[in-house]
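Okay, input.cif now, which holds mmCIF, C-alpha atoms and all ligand atoms:
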```cif
data_final
#
loop_
_atom_site.group_PDB
_atom_site.id
_atom_site.type_symbol
_atom_site.label_atom_id
_atom_site.label_comp_id
_atom_site.auth_asym_id
_atom_site.auth_seq_id
_atom_site.Cartn_x
_atom_site.Cartn_y
_atom_site.Cartn_z
ATOM 1 C CA MET A 12 0.000 0.000 0.000
ATOM 2 C CA ALA A 13 1.258 3.491 -0.826
ATOM 3 C CA ALA A 14 2.529 5.492 2.146
ATOM 4 C CA PRO A 15 0.103 8.213 3.290
ATOM 5 C CA HIS A 16 0.924 11.768 2.254
ATOM 6 C CA ARG A 17 2.308 14.171 4.818
ATOM 7 C CA LYS A 18 -0.161 16.989 5.547
ATOM 8 C CA LEU A 19 0.857 20.609 5.158
ATOM 9 C CA ALA A 20 0.328 22.629 8.355
ATOM 10 C CA PRO A 21 -1.107 26.151 8.039
ATOM 11 C CA GLY A 22 1.615 28.809 7.812
ATOM 12 C CA LYS A 23 4.159 30.178 5.384
ATOM 13 C CA LEU A 24 4.834 28.291 2.151
ATOM 14 C CA VAL A 25 7.558 29.237 -0.311
ATOM 15 C CA ILE A 26 6.601 29.156 -3.985
ATOM 16 C CA ALA A 27 9.943 27.916 -5.298
ATOM 17 C CA SER A 28 9.749 29.551 -8.724
ATOM 18 C CA HIS A 29 11.318 32.595 -10.346
ATOM 19 C CA ASN A 30 8.714 32.683 -13.123
ATOM 20 C CA ALA A 31 6.251 35.510 -12.376
ATOM 21 C CA GLY A 32 3.501 33.935 -14.513
ATOM 22 C CA LYS A 33 3.713 30.645 -12.673
ATOM 23 C CA VAL A 34 3.884 32.332 -9.260
ATOM 24 C CA ARG A 35 0.702 34.254 -10.118
ATOM 25 C CA GLU A 36 -1.107 31.040 -11.087
ATOM 26 C CA ILE A 37 0.113 29.087 -8.048
ATOM 27 C CA ARG A 38 -0.952 31.922 -5.718
ATOM 28 C CA ALA A 39 -4.447 31.819 -7.255
ATOM 29 C CA LEU A 40 -4.637 28.025 -6.937
ATOM 30 C CA LEU A 41 -3.492 28.200 -3.281
ATOM 31 C CA ALA A 42 -5.892 31.020 -2.357
ATOM 32 C CA PRO A 43 -8.698 28.820 -0.929
ATOM 33 C CA TYR A 44 -6.388 26.748 1.301
ATOM 34 C CA GLY A 45 -5.348 29.112 4.098
ATOM 35 C CA VAL A 46 -1.597 29.030 3.480
ATOM 36 C CA ASP A 47 0.558 32.137 3.413
ATOM 37 C CA PRO A 48 2.574 31.998 0.176
ATOM 38 C CA VAL A 49 5.828 33.873 -0.331
ATOM 39 C CA SER A 50 7.822 33.528 -3.539
ATOM 40 C CA ALA A 51 11.466 32.487 -3.797
ATOM 41 C CA ALA A 52 12.153 35.808 -5.517
ATOM 42 C CA ASP A 53 10.510 37.753 -2.608
ATOM 43 C CA LEU A 54 12.886 35.957 -0.222
ATOM 44 C CA GLY A 55 15.874 36.566 -2.491
ATOM 45 C CA LEU A 56 16.522 32.820 -2.810
ATOM 46 C CA PRO A 57 18.897 31.800 -5.609
ATOM 47 C CA GLU A 58 17.586 30.144 -8.779
ATOM 48 C CA PRO A 59 19.084 26.632 -8.769
ATOM 49 C CA GLU A 60 20.533 25.159 -11.942
ATOM 50 C CA GLU A 61 18.046 22.657 -13.383
ATOM 51 C CA THR A 62 20.368 19.730 -13.968
ATOM 52 C CA GLY A 63 17.687 17.003 -13.891
ATOM 53 C CA THR A 64 16.573 15.097 -16.972
ATOM 54 C CA SER A 65 12.933 14.738 -15.905
ATOM 55 C CA PHE A 66 10.218 17.123 -14.706
ATOM 56 C CA ARG A 67 10.189 15.170 -11.447
ATOM 57 C CA ASP A 68 13.941 15.548 -10.830
ATOM 58 C CA ASN A 69 13.891 19.282 -11.548
ATOM 59 C CA ALA A 70 10.784 19.914 -9.436
ATOM 60 C CA LEU A 71 12.368 18.061 -6.497
ATOM 61 C CA LEU A 72 15.670 19.871 -6.949
ATOM 62 C CA LYS A 73 13.963 23.290 -6.891
ATOM 63 C CA ALA A 74 11.680 22.428 -3.935
ATOM 64 C CA HIS A 75 14.524 20.994 -1.802
ATOM 65 C CA ALA A 76 16.771 23.994 -2.576
ATOM 66 C CA SER A 77 14.144 26.523 -1.425
ATOM 67 C CA ALA A 78 13.103 24.484 1.630
ATOM 68 C CA ALA A 79 16.713 24.137 2.755
ATOM 69 C CA ALA A 80 17.509 27.814 2.157
ATOM 70 C CA SER A 81 14.353 29.168 3.842
ATOM 71 C CA GLY A 82 13.623 26.643 6.599
ATOM 72 C CA LEU A 83 10.012 26.572 5.315
ATOM 73 C CA PRO A 84 8.012 24.075 3.250
ATOM 74 C CA ALA A 85 8.506 24.875 -0.444
ATOM 75 C CA LEU A 86 6.394 24.133 -3.502
ATOM 76 C CA ALA A 87 8.164 23.921 -6.873
ATOM 77 C CA ASP A 88 6.689 23.497 -10.339
ATOM 78 C CA ASP A 89 8.592 22.008 -13.232
ATOM 79 C CA SER A 90 6.606 22.102 -16.403
ATOM 80 C CA GLY A 91 6.877 22.168 -20.146
ATOM 81 C CA LEU A 92 5.380 21.671 -23.555
ATOM 82 C CA CYS A 93 5.701 18.201 -25.127
ATOM 83 C CA VAL A 94 5.062 18.040 -28.877
ATOM 84 C CA ASP A 95 4.216 14.590 -30.263
ATOM 85 C CA ALA A 96 5.767 15.097 -33.709
ATOM 86 C CA LEU A 97 8.995 16.255 -32.021
ATOM 87 C CA GLY A 98 9.267 13.149 -29.856
ATOM 88 C CA GLY A 99 8.100 15.073 -26.785
ATOM 89 C CA ARG A 100 10.469 18.029 -27.210
ATOM 90 C CA PRO A 101 11.030 20.644 -25.917
ATOM 91 C CA GLY A 102 9.714 18.893 -22.742
ATOM 92 C CA VAL A 103 12.060 19.402 -19.788
ATOM 93 C CA TYR A 104 13.994 21.924 -21.908
ATOM 94 C CA THR A 105 10.986 24.172 -22.664
ATOM 95 C CA ALA A 106 12.412 27.157 -20.750
ATOM 96 C CA ASP A 107 15.880 26.654 -22.284
ATOM 97 C CA TRP A 108 14.531 26.978 -25.842
ATOM 98 C CA ALA A 109 13.725 30.628 -25.119
ATOM 99 C CA GLU A 110 16.876 32.698 -24.945
ATOM 100 C CA ARG A 111 17.334 35.246 -22.180
ATOM 101 C CA GLN A 112 16.965 38.781 -23.513
ATOM 102 C CA TRP A 113 16.509 42.317 -22.246
ATOM 103 C CA PHE A 114 13.069 43.829 -22.902
ATOM 104 C CA GLU A 115 12.929 47.588 -22.255
ATOM 105 C CA GLY A 116 15.545 47.209 -19.534
ATOM 106 C CA ASN A 117 14.031 44.093 -17.918
ATOM 107 C CA PRO A 118 15.397 40.544 -18.174
ATOM 108 C CA GLY A 119 13.080 37.982 -19.749
ATOM 109 C CA ARG A 120 12.937 35.028 -22.086
ATOM 110 C CA ASP A 121 12.095 35.317 -25.753
ATOM 111 C CA TRP A 122 9.040 33.064 -26.059
ATOM 112 C CA TYR A 123 8.264 34.181 -29.580
ATOM 113 C CA LEU A 124 11.660 32.891 -30.663
ATOM 114 C CA ALA A 125 11.102 29.584 -28.835
ATOM 115 C CA MET A 126 7.654 29.085 -30.365
ATOM 116 C CA GLY A 127 9.185 29.860 -33.762
ATOM 117 C CA LYS A 128 11.794 27.115 -33.215
ATOM 118 C CA VAL A 129 9.005 24.600 -32.582
ATOM 119 C CA GLU A 130 7.205 25.760 -35.737
ATOM 120 C CA GLY A 131 10.405 25.530 -37.783
ATOM 121 C CA LEU A 132 10.916 21.904 -36.748
ATOM 122 C CA LEU A 133 7.261 21.045 -37.466
ATOM 123 C CA ALA A 134 7.489 22.688 -40.899
ATOM 124 C CA GLU A 135 10.350 20.325 -41.802
ATOM 125 C CA GLN A 136 7.827 17.477 -41.513
ATOM 126 C CA GLY A 137 5.490 18.988 -44.099
ATOM 127 C CA PRO A 138 2.042 20.599 -44.044
ATOM 128 C CA ASP A 139 0.217 17.526 -42.714
ATOM 129 C CA VAL A 140 2.369 17.177 -39.608
ATOM 130 C CA ASP A 141 0.565 16.085 -36.425
ATOM 131 C CA ARG A 142 0.248 19.256 -34.303
ATOM 132 C CA SER A 143 -0.866 17.539 -31.097
ATOM 133 C CA ALA A 144 0.918 18.521 -27.895
ATOM 134 C CA ARG A 145 0.446 18.580 -24.163
ATOM 135 C CA PHE A 146 1.511 20.739 -21.273
ATOM 136 C CA VAL A 147 2.921 18.747 -18.367
ATOM 137 C CA CYS A 148 3.318 20.023 -14.806
ATOM 138 C CA THR A 149 5.070 18.320 -11.925
ATOM 139 C CA LEU A 150 4.628 19.877 -8.508
ATOM 140 C CA ALA A 151 7.056 18.974 -5.717
ATOM 141 C CA LEU A 152 6.401 19.956 -2.127
ATOM 142 C CA ALA A 153 9.471 19.645 0.103
ATOM 143 C CA TRP A 154 9.933 20.214 3.829
ATOM 144 C CA PRO A 155 13.173 21.449 5.440
ATOM 145 C CA ASP A 156 13.730 17.973 6.955
ATOM 146 C CA GLY A 157 14.053 16.521 3.439
ATOM 147 C CA HIS A 158 10.621 14.883 3.113
ATOM 148 C CA ALA A 159 8.937 15.515 -0.270
ATOM 149 C CA GLU A 160 5.713 14.764 -2.114
ATOM 150 C CA VAL A 161 5.303 14.857 -5.913
ATOM 151 C CA PHE A 162 2.149 15.327 -8.039
ATOM 152 C CA GLU A 163 1.875 15.268 -11.832
ATOM 153 C CA GLY A 164 -0.671 16.845 -14.143
ATOM 154 C CA ARG A 165 -1.226 17.353 -17.860
ATOM 155 C CA VAL A 166 -3.518 18.899 -20.423
ATOM 156 C CA GLU A 167 -3.847 17.610 -23.983
ATOM 157 C CA GLY A 168 -4.182 19.966 -26.922
ATOM 158 C CA GLY A 169 -2.679 21.204 -30.154
ATOM 159 C CA LEU A 170 -0.429 23.966 -31.434
ATOM 160 C CA THR A 171 -1.628 26.925 -33.463
ATOM 161 C CA TRP A 172 0.406 29.512 -35.388
ATOM 162 C CA PRO A 173 0.693 32.511 -35.332
ATOM 163 C CA PRO A 174 0.395 33.106 -31.560
ATOM 164 C CA ARG A 175 -2.970 34.468 -30.339
ATOM 165 C CA GLY A 176 -3.859 36.294 -27.108
ATOM 166 C CA LYS A 177 -2.150 38.344 -24.420
ATOM 167 C CA LEU A 178 -3.176 36.570 -21.194
ATOM 168 C CA GLY A 179 -1.210 33.876 -19.386
ATOM 169 C CA PHE A 180 2.525 33.506 -20.009
ATOM 170 C CA GLY A 181 5.163 31.540 -21.909
ATOM 171 C CA TYR A 182 3.750 29.289 -24.643
ATOM 172 C CA ASP A 183 0.082 30.031 -23.824
ATOM 173 C CA PRO A 184 -0.517 31.955 -27.104
ATOM 174 C CA VAL A 185 0.147 28.863 -29.252
ATOM 175 C CA PHE A 186 -1.617 26.186 -27.175
ATOM 176 C CA VAL A 187 -5.266 25.300 -27.839
ATOM 177 C CA PRO A 188 -6.603 22.789 -25.292
ATOM 178 C CA ALA A 189 -8.421 19.740 -26.719
ATOM 179 C CA GLY A 190 -12.042 20.433 -27.644
ATOM 180 C CA LYS A 191 -11.605 24.251 -27.505
ATOM 181 C CA THR A 192 -10.955 26.912 -30.138
ATOM 182 C CA LEU A 193 -9.260 29.646 -28.064
ATOM 183 C CA THR A 194 -5.645 29.534 -26.908
ATOM 184 C CA PHE A 195 -4.642 29.578 -23.234
ATOM 185 C CA ALA A 196 -3.693 33.239 -23.778
ATOM 186 C CA GLU A 197 -7.221 34.130 -24.986
ATOM 187 C CA ILE A 198 -9.155 32.762 -21.992
ATOM 188 C CA GLU A 199 -9.507 34.213 -18.499
ATOM 189 C CA PRO A 200 -7.218 32.830 -15.762
ATOM 190 C CA ALA A 201 -10.167 31.122 -14.028
ATOM 191 C CA GLU A 202 -10.946 29.200 -17.228
ATOM 192 C CA LYS A 203 -7.322 28.120 -17.610
ATOM 193 C CA HIS A 204 -7.326 26.996 -13.956
ATOM 194 C CA ALA A 205 -10.313 24.748 -14.622
ATOM 195 C CA ILE A 206 -8.396 22.622 -17.151
ATOM 196 C CA SER A 207 -4.650 23.312 -17.090
ATOM 197 C CA HIS A 208 -1.789 20.906 -16.414
ATOM 198 C CA ARG A 209 -0.983 22.994 -13.318
ATOM 199 C CA ALA A 210 -4.571 22.750 -12.047
ATOM 200 C CA ASP A 211 -4.564 18.967 -12.696
ATOM 201 C CA ALA A 212 -1.382 18.511 -10.635
ATOM 202 C CA PHE A 213 -2.721 20.931 -8.030
ATOM 203 C CA ALA A 214 -5.960 18.969 -7.577
ATOM 204 C CA LYS A 215 -3.850 15.895 -6.749
ATOM 205 C CA LEU A 216 -1.725 17.925 -4.333
ATOM 206 C CA VAL A 217 -4.841 19.239 -2.591
ATOM 207 C CA ALA A 218 -6.238 15.731 -2.228
ATOM 208 C CA GLY A 219 -2.905 14.552 -0.792
ATOM 209 C CA VAL A 220 -1.626 17.234 1.539
ATOM 210 C CA PHE A 221 -4.510 19.486 2.610
HETATM 211 O O1 LIG A 301 11.944 27.014 -12.875
HETATM 212 P P1 LIG A 301 11.080 28.178 -12.483
HETATM 213 O O2 LIG A 301 11.796 29.207 -11.686
HETATM 214 O O3 LIG A 301 9.811 27.748 -11.818
HETATM 215 O O4 LIG A 301 10.598 28.930 -13.822
HETATM 216 P P2 LIG A 301 10.841 28.471 -15.337
HETATM 217 O O5 LIG A 301 10.170 29.442 -16.223
HETATM 218 O O6 LIG A 301 12.295 28.206 -15.563
HETATM 219 O O7 LIG A 301 10.027 27.111 -15.399
HETATM 220 P P3 LIG A 301 10.453 25.656 -15.854
HETATM 221 O O8 LIG A 301 11.888 25.437 -15.614
HETATM 222 O O9 LIG A 301 9.476 24.709 -15.233
HETATM 223 O O10 LIG A 301 10.205 25.695 -17.421
HETATM 224 C C1 LIG A 301 8.903 25.505 -17.907
HETATM 225 C C2 LIG A 301 8.596 26.430 -19.039
HETATM 226 O O11 LIG A 301 7.445 25.877 -19.708
HETATM 227 C C3 LIG A 301 6.529 26.867 -20.043
HETATM 228 N N1 LIG A 301 5.254 26.673 -19.385
HETATM 229 C C4 LIG A 301 4.980 25.921 -18.289
HETATM 230 N N2 LIG A 301 3.705 26.047 -17.938
HETATM 231 C C5 LIG A 301 3.157 26.902 -18.818
HETATM 232 C C6 LIG A 301 1.882 27.438 -18.965
HETATM 233 O O12 LIG A 301 0.916 27.181 -18.099
HETATM 234 N N3 LIG A 301 1.678 28.264 -19.982
HETATM 235 C C7 LIG A 301 2.653 28.585 -20.846
HETATM 236 N N4 LIG A 301 3.897 28.143 -20.763
HETATM 237 C C8 LIG A 301 4.145 27.292 -19.751
HETATM 238 C C9 LIG A 301 7.044 28.181 -19.453
HETATM 239 O O13 LIG A 301 7.466 28.958 -20.496
HETATM 240 C C10 LIG A 301 8.149 27.772 -18.510
HETATM 241 O O14 LIG A 301 9.196 28.687 -18.462
HETATM 242 MG MG MG A 302 13.220 26.750 -14.603
#
```

Please express what this file holds, its structure, as structure tokens.
Amino acid sequence: MAAPHRKLAPGKLVIASHNAGKVREIRALLAPYGVDPVSAADLGLPEPEETGTSFRDNALLKAHASAAASGLPALADDSGLCVDALGGRPGVYTADWAERQWFEGNPGRDWYLAMGKVEGLLAEQGPDVDRSARFVCTLALAWPDGHAEVFEGRVEGGLTWPPRGKLGFGYDPVFVPAGKTLTFAEIEPAEKHAISHRADAFAKLVAGVF
């Protein structure tokens, strides 16, 4: 029988992410559960190098790093876009495909460039290429004593080009969830939270630790 999950006590919880879009979504998902979230960036925690080769490894690495550095439980999210015709790429390397740039004086990643790379590779396979893809999200919750819990979620869909919509973040403008016509960047956050990979993983986390 699987070991029971450890419950999360009320109190401060570090969101172990330096991605403002993700932090915003995780804060919204946590809102009903009476925890007091603080982001890794708010605490000035360093961004660990993501040396893992799976979403699980990277999520655990980020959660353990923030829990150890802060002395608080820490929730990390490792996620990415997996494209069927590209053998699941960019997958764990989704963030790496977008180069770091300066935008009007602020550091950021160039998502348009990354989405264009995906399109370029699909185009090599011809006009009838399978455009199905999924977003995957692995949440890891780690405590300062080294205990950790992991939850995985996904949402199936397809890629569209050119990008559409200004909401959300990252690859949202090119991802159309299965059975829908609008991209993740064209729907309100609450609608994305009803179906997203992050919400799917979060529902499992809620069932396990709250
Ligand atoms: O590691 P942290 O600090 O959390 O931030 P990150 O942006 O580097 O995050 P990841 O290493 O998990 O890389 C995942 C990338 O996948 C993309 N991604 C994940 N979830 C997404 C979503 O809901 N919508 C759009 N893009 C998403 C996004 O661009 C992320 O940067
Ligand atoms: Mg990262």

10 Å contact set for Ala159 of chain A, all atoms listed in the file, chain neighbours under 3 positions out, as a PDB file with C-alpha atoms, in the coordinates of the input:
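around-v9.pdb written:
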```
ATOM      1  CA  HIS A  16       0.924  11.768   2.254  1.00  0.00           C
ATOM      2  CA  ARG A  17       2.308  14.171   4.818  1.00  0.00           C
ATOM      3  CA  LEU A  71      12.368  18.061  -6.497  1.00  0.00           C
ATOM      4  CA  ALA A  74      11.680  22.428  -3.935  1.00  0.00           C
ATOM      5  CA  HIS A  75      14.524  20.994  -1.802  1.00  0.00           C
ATOM      6  CA  PRO A  84       8.012  24.075   3.250  1.00  0.00           C
ATOM      7  CA  ALA A  85       8.506  24.875  -0.444  1.00  0.00           C
ATOM      8  CA  LEU A  86       6.394  24.133  -3.502  1.00  0.00           C
ATOM      9  CA  ALA A 151       7.056  18.974  -5.717  1.00  0.00           C
ATOM     10  CA  LEU A 152       6.401  19.956  -2.127  1.00  0.00           C
ATOM     11  CA  ALA A 153       9.471  19.645   0.103  1.00  0.00           C
ATOM     12  CA  TRP A 154       9.933  20.214   3.829  1.00  0.00           C
ATOM     13  CA  PRO A 155      13.173  21.449   5.440  1.00  0.00           C
ATOM     14  CA  ASP A 156      13.730  17.973   6.955  1.00  0.00           C
TER      15      ASP A 156
END
```

What residues have any atom no more than 7 Å from ligand MG 302 (chain A) when counting all atoms listed in the file, and can you list them as number ranges by chain?
A: 61, 89, 106

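With distances restricted to only C-alpha atoms, A:Leu170 is the closest residue to Leu193 of chain A from A:Leu124, A:Leu170, A:Val34, A:Ala210.
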
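Interatomic distance, atom CA of His208 of chain A to atom CA of Gly137 of chain A: 28.7 Å.
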
For His204 of chain A, the closest of A:Ile37, A:Val25, A:Leu133, A:Asp121 counting all atoms listed in the file is A:Ile37
